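J.: Sharing a structure here in structure tokens format.
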Amino acid sequence: AQAQLPADAVWIDVRTPAEYASGHLPQALLIPFDSIEVGVAELGLAKGTPIYLYCAVGGRAEKARQSLQALGYTNVTNVGGLDNARQVAGETAP
């Protein structure tokens with residue numbers, strides 16, 4: 001059974017623009033992991049906003065999660081790779 005996601009959840013794809021262009025969640029924003037701090041700051045999110053991160057397999061998303069936690073964001077989840085993200089978000093792969 002799929003978990004109920006918060007209505008204000010923000011999905012962020014931390015891969016490269018080329019990877020994002022090859023396929024991503026429709027609701028996901030592209031913020032490459034190496035600019036995650038600036039990118040999320042520009043969104044002006046509350047520190048408790050549910051943020052879901054994914055990349056290709058989870059490594060970059062984990063680095064991004066740690067960076068955001070260091071900035072005080074308290075509700076950041078690394079869902080792993082795109083396939084995992086699709087499952088969590090309830091998407092069906094094309």
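As shown in the structure tokens, the chain order sets the letters A, B, ...; within each chain, residues go from 1, and ligands are also counted from 1 in the order they appear.
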Within 10 Å of Ser35 (chain A), counting only C-alpha atoms, which residues show up once you throw out same-chain ones fewer than 6 positions away? Write them as number ranges by chain, please.

T.: A: 14, 64, 67

J.: I need the residues of chain A that end up classed as strand (DSSP E) by DSSP on the backbone, written out as a PDB file with all heavy atoms, in the first residue's frame.

T.:
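Output contents, as saved in selection13.pdb:
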ATOM      1  N   VAL A  10       7.322  18.650  -1.567  1.00  0.00           N
ATOM      2  CA  VAL A  10       8.104  19.194  -2.674  1.00  0.00           C
ATOM      3  C   VAL A  10       9.051  18.097  -3.143  1.00  0.00           C
ATOM      4  O   VAL A  10       9.810  17.536  -2.353  1.00  0.00           O
ATOM      5  CB  VAL A  10       8.916  20.437  -2.226  1.00  0.00           C
ATOM      6  CG1 VAL A  10       9.817  20.931  -3.349  1.00  0.00           C
ATOM      7  CG2 VAL A  10       7.967  21.540  -1.752  1.00  0.00           C
ATOM      8  N   TRP A  11       8.986  17.770  -4.433  1.00  0.00           N
ATOM      9  CA  TRP A  11       9.863  16.751  -5.020  1.00  0.00           C
ATOM     10  C   TRP A  11      10.999  17.448  -5.732  1.00  0.00           C
ATOM     11  O   TRP A  11      10.771  18.368  -6.523  1.00  0.00           O
ATOM     12  CB  TRP A  11       9.080  15.895  -6.012  1.00  0.00           C
ATOM     13  CG  TRP A  11       8.180  14.917  -5.334  1.00  0.00           C
ATOM     14  CD1 TRP A  11       6.901  15.134  -4.909  1.00  0.00           C
ATOM     15  CD2 TRP A  11       8.492  13.571  -4.991  1.00  0.00           C
ATOM     16  NE1 TRP A  11       6.414  13.999  -4.318  1.00  0.00           N
ATOM     17  CE2 TRP A  11       7.354  13.029  -4.357  1.00  0.00           C
ATOM     18  CE3 TRP A  11       9.630  12.779  -5.157  1.00  0.00           C
ATOM     19  CZ2 TRP A  11       7.330  11.715  -3.892  1.00  0.00           C
ATOM     20  CZ3 TRP A  11       9.591  11.477  -4.699  1.00  0.00           C
ATOM     21  CH2 TRP A  11       8.447  10.950  -4.077  1.00  0.00           C
ATOM     22  N   ILE A  12      12.211  17.005  -5.472  1.00  0.00           N
ATOM     23  CA  ILE A  12      13.387  17.594  -6.110  1.00  0.00           C
ATOM     24  C   ILE A  12      14.244  16.485  -6.721  1.00  0.00           C
ATOM     25  O   ILE A  12      14.629  15.532  -6.054  1.00  0.00           O
ATOM     26  CB  ILE A  12      14.225  18.423  -5.119  1.00  0.00           C
ATOM     27  CG1 ILE A  12      13.364  19.548  -4.536  1.00  0.00           C
ATOM     28  CG2 ILE A  12      15.477  18.981  -5.809  1.00  0.00           C
ATOM     29  CD1 ILE A  12      14.063  20.371  -3.467  1.00  0.00           C
ATOM     30  N   ASP A  13      14.511  16.645  -8.010  1.00  0.00           N
ATOM     31  CA  ASP A  13      15.402  15.760  -8.755  1.00  0.00           C
ATOM     32  C   ASP A  13      16.780  16.399  -8.694  1.00  0.00           C
ATOM     33  O   ASP A  13      16.966  17.528  -9.160  1.00  0.00           O
ATOM     34  CB  ASP A  13      14.899  15.672 -10.208  1.00  0.00           C
ATOM     35  CG  ASP A  13      15.667  14.682 -11.055  1.00  0.00           C
ATOM     36  OD1 ASP A  13      16.890  14.556 -10.882  1.00  0.00           O
ATOM     37  OD2 ASP A  13      15.037  14.059 -11.919  1.00  0.00           O
ATOM     38  N   LEU A  29      11.034  19.264  -9.270  1.00  0.00           N
ATOM     39  CA  LEU A  29      11.854  20.403  -9.663  1.00  0.00           C
ATOM     40  C   LEU A  29      13.271  19.896  -9.895  1.00  0.00           C
ATOM     41  O   LEU A  29      13.720  18.985  -9.202  1.00  0.00           O
ATOM     42  CB  LEU A  29      11.876  21.443  -8.541  1.00  0.00           C
ATOM     43  CG  LEU A  29      10.515  21.966  -8.084  1.00  0.00           C
ATOM     44  CD1 LEU A  29      10.668  22.786  -6.810  1.00  0.00           C
ATOM     45  CD2 LEU A  29       9.878  22.783  -9.182  1.00  0.00           C
ATOM     46  N   LEU A  30      13.964  20.501 -10.837  1.00  0.00           N
ATOM     47  CA  LEU A  30      15.361  20.145 -11.081  1.00  0.00           C
ATOM     48  C   LEU A  30      16.258  21.086 -10.293  1.00  0.00           C
ATOM     49  O   LEU A  30      16.273  22.286 -10.548  1.00  0.00           O
ATOM     50  CB  LEU A  30      15.703  20.236 -12.571  1.00  0.00           C
ATOM     51  CG  LEU A  30      17.188  20.058 -12.907  1.00  0.00           C
ATOM     52  CD1 LEU A  30      17.672  18.668 -12.522  1.00  0.00           C
ATOM     53  CD2 LEU A  30      17.439  20.334 -14.378  1.00  0.00           C
ATOM     54  N   ILE A  51      10.227  17.547   2.013  1.00  0.00           N
ATOM     55  CA  ILE A  51      11.016  17.575   0.784  1.00  0.00           C
ATOM     56  C   ILE A  51      11.452  16.145   0.465  1.00  0.00           C
ATOM     57  O   ILE A  51      12.006  15.455   1.318  1.00  0.00           O
ATOM     58  CB  ILE A  51      12.260  18.477   0.934  1.00  0.00           C
ATOM     59  CG1 ILE A  51      11.849  19.921   1.265  1.00  0.00           C
ATOM     60  CG2 ILE A  51      13.119  18.437  -0.333  1.00  0.00           C
ATOM     61  CD1 ILE A  51      13.016  20.829   1.615  1.00  0.00           C
ATOM     62  N   TYR A  52      11.162  15.715  -0.757  1.00  0.00           N
ATOM     63  CA  TYR A  52      11.536  14.375  -1.219  1.00  0.00           C
ATOM     64  C   TYR A  52      12.587  14.526  -2.301  1.00  0.00           C
ATOM     65  O   TYR A  52      12.360  15.213  -3.297  1.00  0.00           O
ATOM     66  CB  TYR A  52      10.317  13.623  -1.755  1.00  0.00           C
ATOM     67  CG  TYR A  52       9.319  13.293  -0.678  1.00  0.00           C
ATOM     68  CD1 TYR A  52       8.348  14.205  -0.300  1.00  0.00           C
ATOM     69  CD2 TYR A  52       9.369  12.057  -0.026  1.00  0.00           C
ATOM     70  CE1 TYR A  52       7.442  13.917   0.717  1.00  0.00           C
ATOM     71  CE2 TYR A  52       8.464  11.758   0.981  1.00  0.00           C
ATOM     72  CZ  TYR A  52       7.504  12.689   1.344  1.00  0.00           C
ATOM     73  OH  TYR A  52       6.616  12.391   2.343  1.00  0.00           O
ATOM     74  N   LEU A  53      13.730  13.881  -2.108  1.00  0.00           N
ATOM     75  CA  LEU A  53      14.849  13.974  -3.042  1.00  0.00           C
ATOM     76  C   LEU A  53      15.065  12.640  -3.748  1.00  0.00           C
ATOM     77  O   LEU A  53      14.902  11.585  -3.152  1.00  0.00           O
ATOM     78  CB  LEU A  53      16.138  14.316  -2.289  1.00  0.00           C
ATOM     79  CG  LEU A  53      16.118  15.558  -1.393  1.00  0.00           C
ATOM     80  CD1 LEU A  53      17.397  15.617  -0.571  1.00  0.00           C
ATOM     81  CD2 LEU A  53      15.960  16.817  -2.227  1.00  0.00           C
ATOM     82  N   TYR A  54      15.437  12.704  -5.022  1.00  0.00           N
ATOM     83  CA  TYR A  54      15.867  11.490  -5.712  1.00  0.00           C
ATOM     84  C   TYR A  54      16.914  11.840  -6.747  1.00  0.00           C
ATOM     85  O   TYR A  54      17.050  12.990  -7.159  1.00  0.00           O
ATOM     86  CB  TYR A  54      14.682  10.736  -6.345  1.00  0.00           C
ATOM     87  CG  TYR A  54      14.052  11.426  -7.527  1.00  0.00           C
ATOM     88  CD1 TYR A  54      14.509  11.170  -8.821  1.00  0.00           C
ATOM     89  CD2 TYR A  54      12.998  12.303  -7.366  1.00  0.00           C
ATOM     90  CE1 TYR A  54      13.926  11.785  -9.919  1.00  0.00           C
ATOM     91  CE2 TYR A  54      12.406  12.923  -8.456  1.00  0.00           C
ATOM     92  CZ  TYR A  54      12.874  12.663  -9.733  1.00  0.00           C
ATOM     93  OH  TYR A  54      12.301  13.280 -10.822  1.00  0.00           O
ATOM     94  N   CYS A  55      17.677  10.810  -7.141  1.00  0.00           N
ATOM     95  CA  CYS A  55      18.685  10.962  -8.194  1.00  0.00           C
ATOM     96  C   CYS A  55      18.634   9.697  -9.035  1.00  0.00           C
ATOM     97  O   CYS A  55      17.559   9.192  -9.333  1.00  0.00           O
ATOM     98  CB  CYS A  55      20.063  11.254  -7.617  1.00  0.00           C
ATOM     99  SG  CYS A  55      20.678  10.020  -6.464  1.00  0.00           S
ATOM    100  N   VAL A  76      13.287  16.122   5.434  1.00  0.00           N
ATOM    101  CA  VAL A  76      13.875  15.807   4.131  1.00  0.00           C
ATOM    102  C   VAL A  76      14.055  14.294   4.002  1.00  0.00           C
ATOM    103  O   VAL A  76      14.611  13.657   4.893  1.00  0.00           O
ATOM    104  CB  VAL A  76      15.246  16.498   3.953  1.00  0.00           C
ATOM    105  CG1 VAL A  76      15.780  16.275   2.549  1.00  0.00           C
ATOM    106  CG2 VAL A  76      15.126  17.995   4.253  1.00  0.00           C
ATOM    107  N   THR A  77      13.566  13.735   2.905  1.00  0.00           N
ATOM    108  CA  THR A  77      13.642  12.298   2.682  1.00  0.00           C
ATOM    109  C   THR A  77      14.383  11.994   1.385  1.00  0.00           C
ATOM    110  O   THR A  77      14.084  12.571   0.342  1.00  0.00           O
ATOM    111  CB  THR A  77      12.212  11.701   2.569  1.00  0.00           C
ATOM    112  OG1 THR A  77      11.485  12.034   3.741  1.00  0.00           O
ATOM    113  CG2 THR A  77      12.257  10.185   2.403  1.00  0.00           C
ATOM    114  N   ASN A  78      15.357  11.084   1.472  1.00  0.00           N
ATOM    115  CA  ASN A  78      16.022  10.560   0.281  1.00  0.00           C
ATOM    116  C   ASN A  78      15.241   9.316  -0.128  1.00  0.00           C
ATOM    117  O   ASN A  78      15.275   8.310   0.567  1.00  0.00           O
ATOM    118  CB  ASN A  78      17.479  10.211   0.607  1.00  0.00           C
ATOM    119  CG  ASN A  78      18.176   9.467  -0.521  1.00  0.00           C
ATOM    120  OD1 ASN A  78      17.625   9.252  -1.592  1.00  0.00           O
ATOM    121  ND2 ASN A  78      19.405   9.070  -0.261  1.00  0.00           N
ATOM    122  N   VAL A  79      14.527   9.387  -1.261  1.00  0.00           N
ATOM    123  CA  VAL A  79      13.758   8.216  -1.684  1.00  0.00           C
ATOM    124  C   VAL A  79      14.566   7.300  -2.597  1.00  0.00           C
ATOM    125  O   VAL A  79      14.083   6.252  -2.994  1.00  0.00           O
ATOM    126  CB  VAL A  79      12.413   8.602  -2.360  1.00  0.00           C
ATOM    127  CG1 VAL A  79      11.508   9.303  -1.370  1.00  0.00           C
ATOM    128  CG2 VAL A  79      12.630   9.448  -3.593  1.00  0.00           C
ATOM    129  N   GLY A  80      15.805   7.692  -2.918  1.00  0.00           N
ATOM    130  CA  GLY A  80      16.667   6.833  -3.728  1.00  0.00           C
ATOM    131  C   GLY A  80      16.679   7.265  -5.181  1.00  0.00           C
ATOM    132  O   GLY A  80      16.840   8.434  -5.484  1.00  0.00           O
ATOM    133  N   GLY A  81      16.487   6.295  -6.062  1.00  0.00           N
ATOM    134  CA  GLY A  81      16.522   6.567  -7.495  1.00  0.00           C
ATOM    135  C   GLY A  81      15.159   6.925  -8.062  1.00  0.00           C
ATOM    136  O   GLY A  81      14.149   6.906  -7.363  1.00  0.00           O
TER     137      GLY A  81
END

J.: From the set A:Val40, A:Ala46, A:Arg65, A:Leu25, which residue has the shortest atom-to-atom contact distance to Asn84 (chain A), counting only C-alpha atoms?

T.: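 Ranked by minimum distance to Asn84 (chain A), first place goes to A:Leu25.
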
J.: Using only C-alpha atoms, which residue out of A:Leu45, A:Ala18, A:Ala56, A:Ala61 lies closest to Phe33 (chain A)?

T.: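 Selected residue with least distance to Phe33 (chain A): A:Ala61.
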
J.: Record the distance separating CA of Gln27 (chain A) and CA of Ala89 (chain A), expressed in Å with one decimal.

T.: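 It comes out at 9.5 Å.
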
J.: Residues of region 9-73 of chain A in alpha helix (DSSP H) according to DSSP, as a VMD selection string?

T.: chain A and resid 17 to 21 36 to 43 59 to 70
